[in-house]
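A short write-up of the structure that comes next.
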Amino acid sequence: MQKRMGEAVARVARKVNDTVENKTDSLELNLAGNYLHRLPEEITSLLHLRAINLSRNRFRHFPEALAAVTALETIDLEENEITEVPTEKLASMASLRSLNLRANPVGPEVRLLVRPLVPFDLLLSPEEPMPKA
């Protein structure tokens, strides 16, 4: 299945690159609600991808291959199972303007580390109050 998914991404990459080279439009990839838990490395070949919607999937870790997609401006990872975020890799993404991590169980350390390091809008769910002992 992973091989078929990689081949499908490669086909999309060719179409994306053709579209951008012909200056016809910018592109958004919507993979919301597909029970995905990882992305194939071929996602890095989507050189002109500007927005990706990976909400309502099963990611436990931030898909780090996205950091290599330099044109990405918007990443939507709402409603996944992500607990840790590679802040240094995200901070190096010059085009990134918005990262949605709402409804993910990110820990308080992510909230403290991310805010001063990233130059983009970071969307997180409000912190839940600590239960009293």
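Identifiers in the structure tokens: chain A, B, ... in order shown; residue index from 1 per chain; ligand index from 1 in order shown.
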
Can you check which parts of range 35-61 of chain A lie within 10 Å of range 6-9 of chain A? Per residue, the shortest pair of atoms and distance in Å to one decimal, counting only C-alpha atoms, sorted by chain and number, as CSV.
residue,atom,partner,partner_atom,distance
A:Leu39,CA,A:Gly6,CA,8.4
A:Pro40,CA,A:Gly6,CA,5.5
A:Glu41,CA,A:Gly6,CA,7.5
A:Glu42,CA,A:Gly6,CA,5.9
A:Ile43,CA,A:Val9,CA,6.3
A:Thr44,CA,A:Val9,CA,9.4
A:Ser45,CA,A:Val9,CA,8.4
A:Leu46,CA,A:Val9,CA,8.3

Please produce, as CSV, a per-residue contact table for range 44-130 of chain A versus range 34-38 of chain A (criterion: any atom at most 7 Å away, only C-alpha atoms considered), showing the nearest atom pair and its distance in Å to one decimal, sorted by chain then residue number.
residue,atom,partner,partner_atom,distance
A:Asn57,CA,A:Tyr35,CA,4.4
A:Arg58,CA,A:His37,CA,4.7
A:Phe59,CA,A:His37,CA,4.2
A:Arg60,CA,A:His37,CA,6.8
A:Pro63,CA,A:Arg38,CA,6.5

Going by DSSP on the backbone, which bits of chain A are helix (DSSP H, G or I)? Write them as a PyMOL selection string, please. chain A and resi 2-21+41-45+64-68+87-91+108-117

All strand (DSSP E) positions in range 18-126 of chain A, as a ChimeraX atom specification: /A:27-30,49-53,74-76,98-100,121-123

In Å and to one decimal, CA of Leu122 in chain A is distant from CA of Glu64 in chain A by 16.6 Å

Which residue is closest to Leu124 in chain A? Choose from A:Ser95, A:Ser55, A:Glu78, A:Thr83 and count only C-alpha atoms. A:Glu78

Please compute the CA of Pro108 in chain A-CA of His61 in chain A distance, one decimal, in Å.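 About the pair CA of Pro108 in chain A and CA of His61 in chain A: they are 16.0 Å apart.
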
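Ranking A:Lys89, A:Arg56, A:Arg4, A:Arg11 by their shortest atom-to-atom distance to Asn104 in chain A, with only C-alpha atoms included, puts A:Arg56 first.
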
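Counting only C-alpha atoms, the residue from A:Leu101, A:Val106, A:Ala94, A:Leu49 that sits nearest to Asn17 in chain A is A:Leu49.
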